Structure formats: structure tokens, C-alpha cells
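Accompanying notes for the structure given below.
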Amino acid sequence: MRISAAQRTENENRIRAAIDRLLRGEIPPGGKCDIKTLAGEAAVDRTAFYGTRPYSHLRVEFERRLQALHQAGEIPDPREAQIIRLKAEITKLKDRLTQSEETIDELTDFRTQALARLAAQHEEIVRLREASAGTTQVRRLPAPRTTVIGSCS
């Protein structure tokens with residue numbers, strides 16, 4: 001079914017208005033900032049935006065403007081912005097988790113080495129005590145003197 005020039009102009013105006021609304025972030029419930037939602041908002045068949053169809057130039061304009069917003073750091077679709085934010089947060093948390101796991105591994109290794117050293121020192125002390133108990137030439141040192149510091153009166 002052919003449409004008149006007036007209908008085509010009216011459709012293009014509706015599409016341009018819908019493009020402006022979507023790019024301002026006025027996304028309808030359940031919609032996205034995409035061609036499907038654009039077609040629904042403008043009440044135009046989605047296939048009219050593809051190939052050599054009458055509104056393909058408006059699809060190209062919409063995608064160009066959307067890409068320009070993305071490059072400027074603006075994301076009109078709040079759900080997409082939330083997804084991007086959450087992905088960044090997940091990456092940050094994964095990095096923190098990796099760092100924590102590395103720290104735990106280092107501390108576990110340190111603890112294992114410290115316990116091994118303590119056990120070796122204890123065994124050496126026990127061995128030396130046993131060796132010194134069997135010989136009579138080893139004398140025990142006298143206990144250190146305790147010096148009392150007098151008070152001045």
C-alpha cells in the first residue's frame with residue numbers, strides 16, 4: 001500500500017520526535033533505545049527502517065546520534081547505563097578478589113614457613129637439652145643478679 005507525500009512527511013515528523021524522546025532518555029516501559037522501540041513509538045512498521053525502505057535514512061541518523069552520545073559518555077537508556085556500571089563494578093570486584101586470594105596465599109605460605117621454623121627450633125632445643133643432660137662437663141650458668149635500684153631520700 002502506497003502512502004501519500006503528506007503521510008510520509010507526517011511519519012517522518014513522528015519518527016524524528018520519537019528519536020528525540022529516546023535520545024533524551026524518555027524510554028517507554030519495556031523498551032530500549034533501539035530501532036524496535038523507535039518504530040513502536042512512531043507507530044511505523046520496523047521493516048521500513050531497513051534496506052532501501054523509505055525511513056532507512058532516519059535509522060542511520062538515529063544510530064549516528066546514538067553512537068555520538070555513547071562516545072560523549074552519555075547513555076540515554078538507563079538500563080544500559082546500569083548494565084555498563086554493574087559490569088565495571090564486577091570487574092573491579094573480581095580484581096579485588098584476585099588480590100585478596102593472592103594475599104591469602106602469601107600469608108598461608110608465611111604461616112607454613114613460620115611453623116616449620118618453630119618446629120625445627122623446638123627440635124634443636126630438645127636435642128641440645130638431651131645432649132647436655134648426658135654430659136657432666138656442661139654447667140649451668142648462675143641466675144642473673146637482680147639489681148635493686150635504691151631510692152634517693
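Residues in the C-alpha cells are named by chain (A, B, ... in the order shown) and by number from 1 within that chain; ligands are numbered from 1 in the order shown.
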How close does each residue of range 3-35 of chain A get to range 49-63 of chain A, giving the shortest atom pair and distance in Å to one decimal for every residue with an atom at most 10 Å away, counting only C-alpha atoms, sorted by chain and residue number, as JSON lines?
```
{"residue": "A:Arg8", "atom": "CA", "partner": "A:Pro54", "partner_atom": "CA", "distance": 8.4}
{"residue": "A:Asn11", "atom": "CA", "partner": "A:Tyr55", "partner_atom": "CA", "distance": 9.0}
{"residue": "A:Glu12", "atom": "CA", "partner": "A:Tyr55", "partner_atom": "CA", "distance": 7.5}
{"residue": "A:Ile15", "atom": "CA", "partner": "A:Leu58", "partner_atom": "CA", "distance": 7.7}
{"residue": "A:Arg16", "atom": "CA", "partner": "A:Leu58", "partner_atom": "CA", "distance": 7.7}
{"residue": "A:Ala18", "atom": "CA", "partner": "A:Phe62", "partner_atom": "CA", "distance": 9.9}
{"residue": "A:Ile19", "atom": "CA", "partner": "A:Phe62", "partner_atom": "CA", "distance": 6.4}
{"residue": "A:Asp20", "atom": "CA", "partner": "A:Phe62", "partner_atom": "CA", "distance": 8.9}
{"residue": "A:Leu22", "atom": "CA", "partner": "A:Phe62", "partner_atom": "CA", "distance": 9.5}
{"residue": "A:Leu23", "atom": "CA", "partner": "A:Phe62", "partner_atom": "CA", "distance": 8.5}
{"residue": "A:Cys33", "atom": "CA", "partner": "A:Phe62", "partner_atom": "CA", "distance": 9.7}
{"residue": "A:Asp34", "atom": "CA", "partner": "A:Glu63", "partner_atom": "CA", "distance": 8.3}
{"residue": "A:Ile35", "atom": "CA", "partner": "A:Arg59", "partner_atom": "CA", "distance": 7.1}
```
Where does range 110-130 of chain A meet range 98-105 of chain A within 12 Å, residue by residue, with the nearest atom pair and distance in Å to one decimal for each, counting only C-alpha atoms, listed by chain and rising number, as CSV?
```
residue,atom,partner,partner_atom,distance
A:Phe110,CA,A:Asp105,CA,8.6
A:Arg111,CA,A:Asp105,CA,9.9
A:Thr112,CA,A:Asp105,CA,10.5
```
Would you save the residues from that selection as a compact mmCIF listing (two decimals), in the first residue's frame, using N, CA, C and O atoms?
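Contents of the output file selection10.txt:
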```txt
# COMPACT_ATOMS: atom_id res chain seq x y z
N PHE A 110 53.59 -17.95 54.40
CA PHE A 110 54.38 -17.40 55.50
C PHE A 110 54.10 -18.17 56.79
O PHE A 110 55.02 -18.51 57.53
N ARG A 111 52.83 -18.45 57.07
CA ARG A 111 52.46 -19.18 58.27
C ARG A 111 53.07 -20.57 58.27
O ARG A 111 53.61 -21.03 59.27
N THR A 112 53.01 -21.24 57.11
CA THR A 112 53.58 -22.58 57.00
C THR A 112 55.09 -22.55 57.25
O THR A 112 55.62 -23.39 57.99
```
Listing only residues of range 43-115 of chain A within 10 Å of range 119-135 of chain A, what is the closest atom pair and its distance in Å (to one decimal) for each, using only C-alpha atoms, sorted by chain and residue number ascending, as CSV?
```
residue,atom,partner,partner_atom,distance
A:Gln113,CA,A:Ala119,CA,9.8
A:Ala114,CA,A:Ala119,CA,8.6
A:Leu115,CA,A:Ala119,CA,6.1
```
With N, CA, C and O atoms retained, could you export that selection as a PDB file, in the first residue's frame?
```
ATOM      1  N   GLN A 113      55.766 -21.567  56.673  1.00  0.00           N
ATOM      2  CA  GLN A 113      57.212 -21.443  56.889  1.00  0.00           C
ATOM      3  C   GLN A 113      57.530 -21.122  58.340  1.00  0.00           C
ATOM      4  O   GLN A 113      58.478 -21.679  58.923  1.00  0.00           O
ATOM      5  N   ALA A 114      56.760 -20.238  58.949  1.00  0.00           N
ATOM      6  CA  ALA A 114      56.990 -19.870  60.344  1.00  0.00           C
ATOM      7  C   ALA A 114      56.795 -21.081  61.263  1.00  0.00           C
ATOM      8  O   ALA A 114      57.599 -21.323  62.174  1.00  0.00           O
ATOM      9  N   LEU A 115      55.754 -21.857  61.023  1.00  0.00           N
ATOM     10  CA  LEU A 115      55.518 -23.057  61.840  1.00  0.00           C
ATOM     11  C   LEU A 115      56.632 -24.083  61.647  1.00  0.00           C
ATOM     12  O   LEU A 115      57.066 -24.722  62.603  1.00  0.00           O
TER      13      LEU A 115
END
```
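Separating CA of Arg24 in chain A from CA of Asp45 in chain A is a distance of 22.4 Å.
For the pair CA of Ala48 in chain A and CA of Gln7 in chain A, the separation is 13.8 Å.
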One-decimal distance in Å that lies between CA of Arg65 in chain A and CA of Pro29 in chain A: 21.8 Å
DSSP helix (DSSP H, G or I) residues within range 6-58 of chain A, listed as a ChimeraX atom specification: /A:6-23,35-42,46-49,56-58
Please produce an output containing N, CA, C and O atoms for each residue in the selection, written as a tab-separated table (two decimals), in the first residue's frame.
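Output file part-v4.tsv is given in full below:
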```tsv
chain	number	residue	atom	x	y	z
A	6	ALA	N	2.15	13.53	2.04
A	6	ALA	CA	1.76	14.13	3.32
A	6	ALA	C	1.88	13.09	4.44
A	6	ALA	O	2.35	13.42	5.55
A	7	GLN	N	1.45	11.87	4.18
A	7	GLN	CA	1.57	10.80	5.19
A	7	GLN	C	3.03	10.50	5.49
A	7	GLN	O	3.41	10.29	6.64
A	8	ARG	N	3.83	10.47	4.44
A	8	ARG	CA	5.26	10.21	4.63
A	8	ARG	C	5.89	11.31	5.48
A	8	ARG	O	6.66	11.04	6.40
A	9	THR	N	5.55	12.56	5.20
A	9	THR	CA	6.08	13.69	5.98
A	9	THR	C	5.62	13.59	7.43
A	9	THR	O	6.41	13.82	8.36
A	10	GLU	N	4.35	13.25	7.62
A	10	GLU	CA	3.82	13.10	8.98
A	10	GLU	C	4.55	11.97	9.70
A	10	GLU	O	4.92	12.10	10.87
A	11	ASN	N	4.77	10.84	9.02
A	11	ASN	CA	5.50	9.72	9.63
A	11	ASN	C	6.93	10.14	10.00
A	11	ASN	O	7.43	9.81	11.08
A	12	GLU	N	7.60	10.85	9.08
A	12	GLU	CA	8.97	11.30	9.36
A	12	GLU	C	9.00	12.23	10.56
A	12	GLU	O	9.91	12.16	11.39
A	13	ASN	N	8.02	13.10	10.68
A	13	ASN	CA	7.95	14.01	11.84
A	13	ASN	C	7.76	13.21	13.14
A	13	ASN	O	8.37	13.52	14.16
A	14	ARG	N	6.88	12.20	13.08
A	14	ARG	CA	6.67	11.35	14.27
A	14	ARG	C	7.95	10.59	14.61
A	14	ARG	O	8.31	10.45	15.78
A	15	ILE	N	8.63	10.10	13.59
A	15	ILE	CA	9.88	9.36	13.82
A	15	ILE	C	10.94	10.28	14.43
A	15	ILE	O	11.60	9.92	15.41
A	16	ARG	N	11.08	11.49	13.88
A	16	ARG	CA	12.07	12.43	14.42
A	16	ARG	C	11.74	12.81	15.87
A	16	ARG	O	12.63	12.92	16.70
A	17	ALA	N	10.46	12.99	16.16
A	17	ALA	CA	10.06	13.29	17.54
A	17	ALA	C	10.38	12.11	18.46
A	17	ALA	O	10.87	12.29	19.59
A	18	ALA	N	10.13	10.91	17.97
A	18	ALA	CA	10.43	9.71	18.77
A	18	ALA	C	11.94	9.56	18.97
A	18	ALA	O	12.40	9.19	20.06
A	19	ILE	N	12.72	9.87	17.94
A	19	ILE	CA	14.18	9.83	18.07
A	19	ILE	C	14.63	10.78	19.16
A	19	ILE	O	15.42	10.41	20.05
A	20	ASP	N	14.11	12.00	19.12
A	20	ASP	CA	14.49	12.99	20.14
A	20	ASP	C	14.13	12.52	21.54
A	20	ASP	O	14.92	12.67	22.48
A	21	ARG	N	12.93	11.96	21.70
A	21	ARG	CA	12.50	11.47	23.02
A	21	ARG	C	13.41	10.34	23.51
A	21	ARG	O	13.85	10.36	24.66
A	22	LEU	N	13.67	9.38	22.65
A	22	LEU	CA	14.52	8.25	23.05
A	22	LEU	C	15.93	8.71	23.41
A	22	LEU	O	16.51	8.26	24.40
A	23	LEU	N	16.47	9.62	22.63
A	23	LEU	CA	17.84	10.09	22.90
A	23	LEU	C	17.91	11.00	24.12
A	23	LEU	O	18.99	11.20	24.68
A	35	ILE	N	15.94	0.51	17.45
A	35	ILE	CA	15.04	0.69	16.31
A	35	ILE	C	13.65	0.11	16.59
A	35	ILE	O	12.64	0.70	16.21
A	36	LYS	N	13.60	-1.01	17.27
A	36	LYS	CA	12.31	-1.63	17.56
A	36	LYS	C	11.43	-0.68	18.38
A	36	LYS	O	10.26	-0.47	18.06
A	37	THR	N	12.00	-0.12	19.42
A	37	THR	CA	11.26	0.82	20.26
A	37	THR	C	10.94	2.09	19.49
A	37	THR	O	9.83	2.64	19.61
A	38	LEU	N	11.90	2.55	18.68
A	38	LEU	CA	11.66	3.74	17.85
A	38	LEU	C	10.46	3.52	16.93
A	38	LEU	O	9.58	4.37	16.84
A	39	ALA	N	10.41	2.36	16.28
A	39	ALA	CA	9.29	2.07	15.38
A	39	ALA	C	7.97	2.03	16.14
A	39	ALA	O	6.96	2.57	15.69
A	40	GLY	N	8.00	1.42	17.33
A	40	GLY	CA	6.79	1.37	18.14
A	40	GLY	C	6.32	2.74	18.59
A	40	GLY	O	5.13	3.04	18.57
A	41	GLU	N	7.27	3.57	19.01
A	41	GLU	CA	6.93	4.92	19.47
A	41	GLU	C	6.41	5.80	18.33
A	41	GLU	O	5.56	6.65	18.55
A	42	ALA	N	6.92	5.58	17.13
A	42	ALA	CA	6.50	6.40	15.98
A	42	ALA	C	5.30	5.79	15.26
A	42	ALA	O	4.79	6.38	14.31
A	46	ARG	N	8.57	-1.57	11.63
A	46	ARG	CA	10.02	-1.61	11.83
A	46	ARG	C	10.77	-1.90	10.53
A	46	ARG	O	11.88	-1.41	10.32
A	47	THR	N	10.18	-2.68	9.64
A	47	THR	CA	10.86	-3.02	8.39
A	47	THR	C	11.08	-1.80	7.51
A	47	THR	O	11.93	-1.83	6.62
A	48	ALA	N	10.36	-0.73	7.75
A	48	ALA	CA	10.52	0.48	6.95
A	48	ALA	C	11.85	1.18	7.22
A	48	ALA	O	12.21	2.11	6.51
A	49	PHE	N	12.59	0.73	8.22
A	49	PHE	CA	13.86	1.34	8.57
A	49	PHE	C	15.05	0.65	7.93
A	49	PHE	O	16.19	1.08	8.11
A	56	SER	N	14.97	4.39	6.01
A	56	SER	CA	16.31	3.88	6.36
A	56	SER	C	17.27	5.03	6.68
A	56	SER	O	18.14	4.88	7.53
A	57	HIS	N	17.09	6.17	6.03
A	57	HIS	CA	17.95	7.31	6.33
A	57	HIS	C	17.74	7.81	7.76
A	57	HIS	O	18.67	8.29	8.41
A	58	LEU	N	16.51	7.64	8.28
A	58	LEU	CA	16.25	8.05	9.67
A	58	LEU	C	16.87	7.05	10.65
A	58	LEU	O	17.31	7.44	11.73
```
